[in-house]
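Engineer: Okay, here's the structure, questions in a sec.
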Amino acid sequence: MIAHVIVDVIHSNVAKPFSYLIPEGMQVVDGMRVRVPLAHRQVDGIVAEITQDCDVPPDKLKPITSVLDTYPAILPHMMALARELANEDHCPLAETLRFMLPAAMRTGRTQQKKIDYYSIAEQVDTNEAIEKQGRSQKRKMLLRVLCDGIPRTMAELAQWVSSPGDAVKKLMQDGYLQKTEQQEMRRPYEDMELTPNKAPALTREQKNALEIMLPDLKRGKGAFLLHGVTGSGKTEVYLAMVETALQMGKNAIILVPEIALTPQMVQWFRNRFGPKTAVLHSRLTDGQRVDEWQRIRMGDANVVIGARSAIFAPLENLGLIVIDEEHEQSYLSDRHPRYDARKVAKSRCMREGATLLLSSATPSILSFAMARRGDYTLVEMRNRVLNRPMPAVTVVDMRSELAAGNRSMISGLLQQKLKECFQNGRQAMLFINRRGYHTFVSCRSCGYVMRCDQCDVSLTLHQPKSGEPGVLRCHLCGKTERPPDVCPSCGSKYIRYFGCGTQKVEEEIHKLFPNIKAIRMDNDTTQKRDAHYRMLTDFRQGKAQVLIGTQMIAKGLDYPKV
């Protein structure tokens with residue numbers, strides 16, 4: 001048998017399948033990852049097709065070196081999707097196949113996490129073994145703990161016996177204990193507090209929306225645009241749709257526009273459906289991403305929640321895809337090869353017999369036009385739950401504030417409202433669409449603006465801490481440089497800083513309310529692992545009264561004290 005392999009090398013010279021002999025006894029199927037020789041090196045590849053013959057004589061074909069997994073990593077419908085994306089973006093198939101696999105899995109950067117478990121060895125009489133331990137109370141206690149037949153880790157044994165290592169080692173040497181190695185899945189948000197709940201009573205509009213969409217969900221078809229005002233209960237509609245899909249034995253994908261929204265959505269779904277909810281996004285560690293991908297591929301997870309890249313989750317028997325806040329531009333990937341997660345979702349639904357649900361309080365013009373044309377069925381929810389009124393919006397003219405002597409970026413009205421908010425034990429969220437301290441640096445003499453010489457965008461001033469010297473940073477390429485003392489263009493000393501970012505707002509809040517704790521959430525403060533989750537958890541628990549952030553805090557976060 002001959003395998004036609006797409007090698008994981010991006011170059012026009014190898015943008016075609018290569019044929020390899022399948023060695024006698026090697027189990028190879030379509031979609032499996034294999035190691036194959038290419039020129040004078042070994043490379044990874046994906047089996048695209050298996051045939052009995054090809055144009056090349058068999059004696060000139062090289063054999064596959066090894067298989068990398070015991071299962072096909074790329075399912076047939078995902079291979080078809082990769083071909084479709086490659087044709088649309090005019091790129092090699094190997095490039096779009098990379099969407100389907102975690103990068104660390106392709107490069108071998110991560111290994112399985114193994115944990116040692118200890119249990120009573122076979123054919124050992126526990127009572128007799130305890131009697132033979134003499135005066136060692138540790139070894140006796142360990143044998144009593146393990147006599148129930150449940151294997152335990154060293155950490156679990158340490159809860160019963162302090163420093164059990166030497167005692168376990170002695171029992172192993174005497175043949176009373178045995179050690180087994182098991183893989184431990186690295187799961188995101190493991191410490192998340194869950195409170196299992198049941199679905200609340202639905203409003204009339206929620207029921208109407210479900211009556212329109214559920215029949216198509218049960219038939220495995222349909223594409224809907226759910227236009228519901230903020231607070232109308234769209235999330236409960238998602239949960240009801242997912243519950244119906246799971247009852248049918250099908251799986252679901254939920255896309256959110258920001259990684260910051262993922263923990264909140266995961267908590268809602270785990271509260272309702274338990275631990276079989278997986279997470280996929282770019283801020284997971286390599287190990288977490290690979291383990292979550294494997295859980296999904298092996299069928300241990302039936303709901304996948306994540307940002308844009310989660311649309312490529314290797315789910316089988318897909319029944320529903322939900323795209324929350326569908327109008328957001330973050331669903332568009334601007335890196336080559338480019339794709340629109342909404343378009344990919346529609347393609348997957350049509351190919352796999354699933355229902356697509358786009359949802360937003362402010363649908364994009366394109367989606368609304370497609371609904372008008374009949375590509376989507378428009379479902380509307382015009383009222384908030386319990387007929388709550390829409391929030392009052394006040395527009396403040398900052399020119400009037402300046403004329404009144406307020407040179408702060410925070411208006412008098414906002415200061416008053418924040419003070420009332422804190423006195424009542426409530427919380428506030430302050431949104432500004434720029435990170436950093438000042439948004440640009442300019443010369444007042446000649447108008448010169450400091451720009452990145454690589455990207456031609458204005459440099460932003462970042463100030464690590466109050467009083468420390470700042471640094472100018474390009475938000476596109478990351479280049480940094482010191483702020484100038486004189487204008488590079490005319491030599492004038494009249495250098496001034498303009499605009500404000502999240503750092504400046506944070507400083508102003510500390511000046512106005514020195515006893516109030518604030519959390520700043522932007523791309524500078526969320527680089528560490530689980531930073532989004534930790535910050536939002538602290539805010540939810542009331543450890544801070546103000547959340548200051550860029551667009552990542554302005555997309556559907558739900559906190560009762562705000």
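The chains in the structure tokens are called A, B, ... from first to last as shown; in each chain the residues are counted from 1, and the ligands are counted from 1 in the order shown.
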Show me, as JSON lines, the residues of range 240-286 of chain A having an atom within 12 Å of range 359-367 of chain A, each with the closest atom pair and its distance in Å, using only C-alpha atoms.
Structural biologist:
{"residue": "A:Ile254", "atom": "CA", "partner": "A:Ser359", "partner_atom": "CA", "distance": 11.0}
{"residue": "A:Leu255", "atom": "CA", "partner": "A:Ser359", "partner_atom": "CA", "distance": 10.4}
{"residue": "A:Val256", "atom": "CA", "partner": "A:Ser359", "partner_atom": "CA", "distance": 10.3}
{"residue": "A:Pro257", "atom": "CA", "partner": "A:Ser360", "partner_atom": "CA", "distance": 11.2}
Engineer: Can you list, as a PyMOL selection string, every residue of range 247-496 of chain A that DSSP puts in helix (DSSP H, G or I)?
Structural biologist: chain A and resi 247+259-273+286-297+308-312+329-331+341-352+365-373+385-387+398-403+412-423
Engineer: Name the residues in contact with Lys276 in chain A at a cut-off of 10 Å, using only C-alpha atoms, excluding same-chain residues fewer than 5 positions from it; report them as a PyMOL selection string.
Structural biologist: chain A and resi 269-270+295-296+299-304
Engineer: List the spatial neighbours of range 69-81 of chain A as a VMD selection string - criterion: any atom at most 9 Å away, only C-alpha atoms, same-chain residues fewer than 4 positions off excluded.
Structural biologist: chain A and resid 27 to 34 46 to 48 85 to 86 96 to 97 100 to 101 297 312 314 to 316 344 347 to 348 351 to 352
Engineer: Output N, CA, C and O atoms for every residue in that selection, as a JSON list (two decimals), in the first residue's frame.
Structural biologist:
[["chain", "number", "residue", "atom", "x", "y", "z"],
["A", 27, "GLN", "N", 0.34, 0.09, 10.83],
["A", 27, "GLN", "CA", -1.06, 0.49, 10.70],
["A", 27, "GLN", "C", -1.12, 1.99, 10.37],
["A", 27, "GLN", "O", -0.79, 2.83, 11.21],
["A", 28, "VAL", "N", -1.56, 2.31, 9.16],
["A", 28, "VAL", "CA", -1.65, 3.70, 8.71],
["A", 28, "VAL", "C", -3.03, 3.94, 8.11],
["A", 28, "VAL", "O", -3.50, 3.12, 7.31],
["A", 29, "VAL", "N", -3.67, 5.05, 8.50],
["A", 29, "VAL", "CA", -4.98, 5.40, 7.94],
["A", 29, "VAL", "C", -4.94, 6.87, 7.52],
["A", 29, "VAL", "O", -4.05, 7.63, 7.91],
["A", 30, "ASP", "N", -5.94, 7.28, 6.74],
["A", 30, "ASP", "CA", -6.03, 8.67, 6.30],
["A", 30, "ASP", "C", -6.09, 9.61, 7.51],
["A", 30, "ASP", "O", -6.79, 9.33, 8.50],
["A", 31, "GLY", "N", -5.38, 10.73, 7.41],
["A", 31, "GLY", "CA", -5.39, 11.72, 8.47],
["A", 31, "GLY", "C", -4.38, 11.49, 9.58],
["A", 31, "GLY", "O", -4.27, 12.30, 10.49],
["A", 32, "MET", "N", -3.63, 10.42, 9.52],
["A", 32, "MET", "CA", -2.67, 10.09, 10.58],
["A", 32, "MET", "C", -1.38, 10.89, 10.41],
["A", 32, "MET", "O", -0.95, 11.16, 9.29],
["A", 33, "ARG", "N", -0.76, 11.28, 11.52],
["A", 33, "ARG", "CA", 0.54, 11.95, 11.47],
["A", 33, "ARG", "C", 1.65, 10.90, 11.36],
["A", 33, "ARG", "O", 1.64, 9.90, 12.09],
["A", 34, "VAL", "N", 2.59, 11.14, 10.45],
["A", 34, "VAL", "CA", 3.68, 10.19, 10.23],
["A", 34, "VAL", "C", 5.00, 10.94, 10.12],
["A", 34, "VAL", "O", 5.03, 12.15, 9.85],
["A", 46, "ILE", "N", 1.12, 14.58, 7.13],
["A", 46, "ILE", "CA", -0.23, 14.06, 7.32],
["A", 46, "ILE", "C", -0.59, 13.19, 6.12],
["A", 46, "ILE", "O", -0.40, 13.60, 4.97],
["A", 47, "VAL", "N", -1.10, 11.99, 6.40],
["A", 47, "VAL", "CA", -1.51, 11.09, 5.33],
["A", 47, "VAL", "C", -2.80, 11.63, 4.72],
["A", 47, "VAL", "O", -3.84, 11.70, 5.39],
["A", 48, "ALA", "N", -2.74, 12.01, 3.45],
["A", 48, "ALA", "CA", -3.92, 12.56, 2.77],
["A", 48, "ALA", "C", -4.76, 11.46, 2.12],
["A", 48, "ALA", "O", -5.99, 11.58, 2.04],
["A", 85, "LEU", "N", -9.91, 26.01, 2.61],
["A", 85, "LEU", "CA", -9.20, 27.23, 3.01],
["A", 85, "LEU", "C", -7.96, 27.45, 2.15],
["A", 85, "LEU", "O", -7.63, 28.59, 1.80],
["A", 86, "ALA", "N", -7.25, 26.36, 1.81],
["A", 86, "ALA", "CA", -6.06, 26.48, 0.97],
["A", 86, "ALA", "C", -6.43, 27.00, -0.42],
["A", 86, "ALA", "O", -5.71, 27.84, -0.99],
["A", 96, "THR", "N", -2.63, 25.35, 5.82],
["A", 96, "THR", "CA", -3.94, 25.37, 6.48],
["A", 96, "THR", "C", -4.12, 24.16, 7.39],
["A", 96, "THR", "O", -4.90, 24.23, 8.34],
["A", 97, "LEU", "N", -3.40, 23.07, 7.13],
["A", 97, "LEU", "CA", -3.46, 21.93, 8.05],
["A", 97, "LEU", "C", -2.89, 22.30, 9.42],
["A", 97, "LEU", "O", -3.24, 21.67, 10.43],
["A", 100, "MET", "N", -5.26, 22.98, 12.25],
["A", 100, "MET", "CA", -5.99, 21.86, 12.86],
["A", 100, "MET", "C", -5.26, 21.24, 14.04],
["A", 100, "MET", "O", -5.84, 20.40, 14.75],
["A", 101, "LEU", "N", -3.98, 21.58, 14.25],
["A", 101, "LEU", "CA", -3.17, 20.94, 15.29],
["A", 101, "LEU", "C", -2.53, 22.00, 16.18],
["A", 101, "LEU", "O", -2.13, 23.06, 15.69],
["A", 297, "ARG", "N", -10.38, 15.46, 20.82],
["A", 297, "ARG", "CA", -10.23, 14.46, 19.75],
["A", 297, "ARG", "C", -10.66, 13.08, 20.20],
["A", 297, "ARG", "O", -11.24, 12.31, 19.42],
["A", 312, "PHE", "N", -11.52, 25.41, 14.91],
["A", 312, "PHE", "CA", -10.87, 24.24, 14.32],
["A", 312, "PHE", "C", -10.79, 23.07, 15.30],
["A", 312, "PHE", "O", -10.02, 22.13, 15.08],
["A", 314, "PRO", "N", -11.23, 19.60, 16.95],
["A", 314, "PRO", "CA", -11.46, 18.33, 16.23],
["A", 314, "PRO", "C", -12.65, 17.53, 16.76],
["A", 314, "PRO", "O", -12.54, 16.36, 17.10],
["A", 315, "LEU", "N", -13.81, 18.19, 16.84],
["A", 315, "LEU", "CA", -15.02, 17.50, 17.32],
["A", 315, "LEU", "C", -15.62, 16.63, 16.23],
["A", 315, "LEU", "O", -15.67, 17.01, 15.06],
["A", 316, "GLU", "N", -16.07, 15.47, 16.63],
["A", 316, "GLU", "CA", -16.88, 14.64, 15.75],
["A", 316, "GLU", "C", -18.35, 14.82, 16.11],
["A", 316, "GLU", "O", -18.68, 15.25, 17.21],
["A", 344, "VAL", "N", -15.86, 30.18, 8.34],
["A", 344, "VAL", "CA", -15.41, 28.81, 8.60],
["A", 344, "VAL", "C", -16.49, 28.04, 9.35],
["A", 344, "VAL", "O", -16.76, 26.87, 9.06],
["A", 347, "SER", "N", -19.19, 26.99, 6.98],
["A", 347, "SER", "CA", -18.73, 25.88, 6.15],
["A", 347, "SER", "C", -18.77, 24.56, 6.93],
["A", 347, "SER", "O", -19.22, 23.54, 6.41],
["A", 348, "ARG", "N", -18.31, 24.59, 8.20],
["A", 348, "ARG", "CA", -18.34, 23.37, 9.00],
["A", 348, "ARG", "C", -19.77, 22.89, 9.23],
["A", 348, "ARG", "O", -20.05, 21.69, 9.16],
["A", 351, "ARG", "N", -21.13, 21.27, 6.10],
["A", 351, "ARG", "CA", -20.45, 20.02, 5.79],
["A", 351, "ARG", "C", -20.81, 18.92, 6.78],
["A", 351, "ARG", "O", -20.92, 17.75, 6.42],
["A", 352, "GLU", "N", -20.98, 19.29, 8.07],
["A", 352, "GLU", "CA", -21.15, 18.28, 9.11],
["A", 352, "GLU", "C", -22.58, 18.16, 9.62],
["A", 352, "GLU", "O", -22.84, 17.41, 10.57]]
Engineer: Using DSSP assignments from the backbone, pull out every residue in range 153-304 of chain A that falls under strand (DSSP E) and give it to me as a PyMOL selection string.
Structural biologist: chain A and resi 177-183+223-228+251-255+277-280+303-304
Engineer: Suppose we keep C-alpha atoms; can you now write the selection as a PDB file, in the first residue's frame?
Structural biologist:
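So the final result, stored in out32.pdb, reads:
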ATOM      1  CA  LEU A 177       3.577  -1.828  47.085  1.00  0.00           C
ATOM      2  CA  GLN A 178       3.510  -1.401  43.316  1.00  0.00           C
ATOM      3  CA  LYS A 179       3.826   1.757  41.255  1.00  0.00           C
ATOM      4  CA  THR A 180       1.847   2.567  38.115  1.00  0.00           C
ATOM      5  CA  GLU A 181       2.255   5.590  35.837  1.00  0.00           C
ATOM      6  CA  GLN A 182      -0.790   7.457  34.536  1.00  0.00           C
ATOM      7  CA  GLN A 183      -1.156  10.471  32.295  1.00  0.00           C
ATOM      8  CA  ALA A 223     -28.294  29.265  10.278  1.00  0.00           C
ATOM      9  CA  PHE A 224     -29.649  31.950  12.622  1.00  0.00           C
ATOM     10  CA  LEU A 225     -28.820  35.528  13.561  1.00  0.00           C
ATOM     11  CA  LEU A 226     -30.006  36.184  17.125  1.00  0.00           C
ATOM     12  CA  HIS A 227     -30.447  39.936  17.564  1.00  0.00           C
ATOM     13  CA  GLY A 228     -31.089  40.512  21.266  1.00  0.00           C
ATOM     14  CA  ASN A 251     -21.385  18.231  20.388  1.00  0.00           C
ATOM     15  CA  ALA A 252     -21.098  22.027  20.365  1.00  0.00           C
ATOM     16  CA  ILE A 253     -18.561  24.833  19.836  1.00  0.00           C
ATOM     17  CA  ILE A 254     -18.992  28.237  21.537  1.00  0.00           C
ATOM     18  CA  LEU A 255     -16.842  31.102  20.224  1.00  0.00           C
ATOM     19  CA  THR A 277     -16.276  21.365  28.766  1.00  0.00           C
ATOM     20  CA  ALA A 278     -12.941  21.986  27.029  1.00  0.00           C
ATOM     21  CA  VAL A 279     -11.142  25.288  26.449  1.00  0.00           C
ATOM     22  CA  LEU A 280      -9.041  26.326  23.442  1.00  0.00           C
ATOM     23  CA  VAL A 303     -18.545  21.316  24.508  1.00  0.00           C
ATOM     24  CA  VAL A 304     -15.607  23.457  23.333  1.00  0.00           C
TER      25      VAL A 304
END
Engineer: In Å, with one decimal, what is the gap from CA of Asp286 in chain A to CA of Pro196 in chain A?
Structural biologist: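 The value is 29.4 Å.
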Engineer: Please provide the set of residues having any atom within 9 Å of range 381-387 of chain A, restricted to only C-alpha atoms, with same-chain residues fewer than 4 positions apart removed, written as a short mmCIF file (atom, residue, chain, number, x, y, z; two decimals) with N, CA, C and O atoms, in the first residue's frame.
Structural biologist:
data_model
loop_
_atom_site.label_atom_id
_atom_site.label_comp_id
_atom_site.auth_asym_id
_atom_site.auth_seq_id
_atom_site.Cartn_x
_atom_site.Cartn_y
_atom_site.Cartn_z
N THR A 203 -38.04 33.44 29.72
CA THR A 203 -39.00 34.49 29.38
C THR A 203 -39.74 34.10 28.11
O THR A 203 -39.36 33.18 27.39
N GLU A 205 -39.85 35.77 25.32
CA GLU A 205 -39.01 35.97 24.13
C GLU A 205 -37.98 34.85 24.00
O GLU A 205 -37.68 34.44 22.87
N GLN A 206 -37.42 34.39 25.09
CA GLN A 206 -36.48 33.27 25.02
C GLN A 206 -37.16 32.02 24.49
O GLN A 206 -36.60 31.30 23.65
N ASN A 208 -39.82 31.94 22.58
CA ASN A 208 -40.13 32.16 21.16
C ASN A 208 -38.90 31.90 20.29
O ASN A 208 -38.98 31.30 19.22
N ALA A 209 -37.73 32.39 20.76
CA ALA A 209 -36.50 32.18 20.00
C ALA A 209 -36.19 30.70 19.87
O ALA A 209 -35.82 30.21 18.79
N LEU A 226 -29.23 35.82 15.94
CA LEU A 226 -30.01 36.18 17.12
C LEU A 226 -29.67 37.63 17.49
O LEU A 226 -28.57 37.93 17.97
N HIS A 227 -30.62 38.51 17.26
CA HIS A 227 -30.45 39.94 17.56
C HIS A 227 -31.21 40.22 18.85
O HIS A 227 -32.42 40.37 18.85
N GLY A 228 -30.46 40.28 19.97
CA GLY A 228 -31.09 40.51 21.27
C GLY A 228 -30.41 41.65 21.99
O GLY A 228 -29.19 41.72 22.05
N VAL A 229 -31.21 42.56 22.56
CA VAL A 229 -30.63 43.70 23.26
C VAL A 229 -29.81 43.21 24.46
O VAL A 229 -30.00 42.09 24.95
N THR A 230 -28.90 44.04 24.92
CA THR A 230 -28.08 43.70 26.08
C THR A 230 -28.97 43.39 27.28
O THR A 230 -29.88 44.17 27.61
N GLY A 231 -28.74 42.25 27.92
CA GLY A 231 -29.53 41.87 29.08
C GLY A 231 -30.81 41.13 28.76
O GLY A 231 -31.64 40.90 29.63
N SER A 232 -30.99 40.73 27.50
CA SER A 232 -32.22 40.01 27.11
C SER A 232 -32.15 38.52 27.40
O SER A 232 -33.14 37.81 27.23
N GLY A 233 -30.97 38.02 27.81
CA GLY A 233 -30.87 36.61 28.18
C GLY A 233 -30.44 35.71 27.03
O GLY A 233 -30.87 34.56 26.94
N LYS A 234 -29.56 36.22 26.18
CA LYS A 234 -29.11 35.41 25.04
C LYS A 234 -28.31 34.20 25.50
O LYS A 234 -28.40 33.13 24.89
#
Engineer: Excluding range 486-490 of chain A and residues on its chain fewer than 6 positions from it, collect all residues at most 8 Å away from it, counting only C-alpha atoms, and give them as a list in words.
Structural biologist: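 Everything that qualifies: Cys443, Ser445, Cys446 and Tyr448 of chain A.
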Engineer: Within 8 Å of range 529-539 of chain A, which residues of range 234-319 of chain A show up? Give each one with its shortest atom-to-atom distance in Å (one decimal) and the two atoms involved, counting only C-alpha atoms, rows by chain then rising residue number, as a tab-separated table.
Structural biologist:
residue	atom	partner	partner_atom	distance
A:Ile259	CA	A:His532	CA	7.6
A:Ala260	CA	A:His532	CA	5.4
A:Pro263	CA	A:Tyr533	CA	6.0
A:Arg283	CA	A:Arg529	CA	6.6
A:Leu284	CA	A:Arg529	CA	6.9
A:Thr285	CA	A:Arg529	CA	7.2
Engineer: Output the selection as a PDB file, in the first residue's frame - N, CA and C atoms for each residue.
Structural biologist:
ATOM      1  N   ILE A 259     -10.339  36.503  24.737  1.00  0.00           N
ATOM      2  CA  ILE A 259      -9.892  35.483  25.677  1.00  0.00           C
ATOM      3  C   ILE A 259     -10.382  35.818  27.082  1.00  0.00           C
ATOM      4  N   ALA A 260     -10.496  37.120  27.387  1.00  0.00           N
ATOM      5  CA  ALA A 260     -10.960  37.537  28.713  1.00  0.00           C
ATOM      6  C   ALA A 260     -12.362  37.027  29.015  1.00  0.00           C
ATOM      7  N   PRO A 263     -13.131  32.555  30.608  1.00  0.00           N
ATOM      8  CA  PRO A 263     -13.398  31.979  31.929  1.00  0.00           C
ATOM      9  C   PRO A 263     -14.855  32.107  32.360  1.00  0.00           C
ATOM     10  N   ARG A 283      -3.753  31.673  24.790  1.00  0.00           N
ATOM     11  CA  ARG A 283      -3.065  31.983  26.040  1.00  0.00           C
ATOM     12  C   ARG A 283      -2.899  30.759  26.944  1.00  0.00           C
ATOM     13  N   LEU A 284      -3.321  29.589  26.505  1.00  0.00           N
ATOM     14  CA  LEU A 284      -3.054  28.375  27.271  1.00  0.00           C
ATOM     15  C   LEU A 284      -1.577  28.027  27.140  1.00  0.00           C
ATOM     16  N   THR A 285      -1.052  27.285  28.119  1.00  0.00           N
ATOM     17  CA  THR A 285       0.312  26.782  27.976  1.00  0.00           C
ATOM     18  C   THR A 285       0.331  25.716  26.883  1.00  0.00           C
TER      19      THR A 285
END
Engineer: If we count only C-alpha atoms, what is near range 412-428 of chain A at a cut-off of 9 Å, once residues fewer than 3 positions away on the same chain are taken out, given as a PyMOL selection string?
Structural biologist: chain A and resi 396+401+406+512-513+516+539+542+544-548+559-562
Engineer: Would you save the residues of that selection, restricted to C-alpha atoms, as a compact mmCIF listing (two decimals), in the first residue's frame?
Structural biologist:
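Result written to out37.txt:
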# COMPACT_ATOMS: atom_id res chain seq x y z
CA VAL A 396 -20.11 64.90 28.91
CA GLU A 401 -14.99 70.81 32.06
CA ASN A 406 -11.06 70.72 35.54
CA LEU A 512 -8.79 60.88 43.32
CA PHE A 513 -9.54 57.78 45.44
CA ILE A 516 -9.70 52.36 46.42
CA PHE A 539 -12.74 41.61 40.63
CA GLY A 542 -14.61 42.19 45.41
CA ALA A 544 -10.91 45.59 43.80
CA GLN A 545 -13.55 48.27 43.33
CA VAL A 546 -12.47 49.49 39.87
CA LEU A 547 -11.60 47.55 36.71
CA ILE A 548 -9.76 49.70 34.15
CA TYR A 559 -20.74 41.22 37.42
CA PRO A 560 -23.66 41.78 39.82
CA LYS A 561 -21.98 44.55 41.86
CA VAL A 562 -21.05 46.75 38.89
Engineer: Which distance in Å separates CA of Glu24 in chain A and CA of Thr51 in chain A, to one decimal?
Structural biologist: 14.8 Å
Engineer: Between CA of Lys517 in chain A and CA of Ile410 in chain A, what is the distance in Å, rounded to a tenth?
Structural biologist: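 It comes out at 17.2 Å.
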Engineer: Just checking: using only C-alpha atoms, which residue out of A:Ser66, A:Asn87, A:Ser163, A:Asn317 ends up closest to Gly353 in chain A?
Structural biologist: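 For Gly353 in chain A, the nearest of the candidates is A:Asn317.
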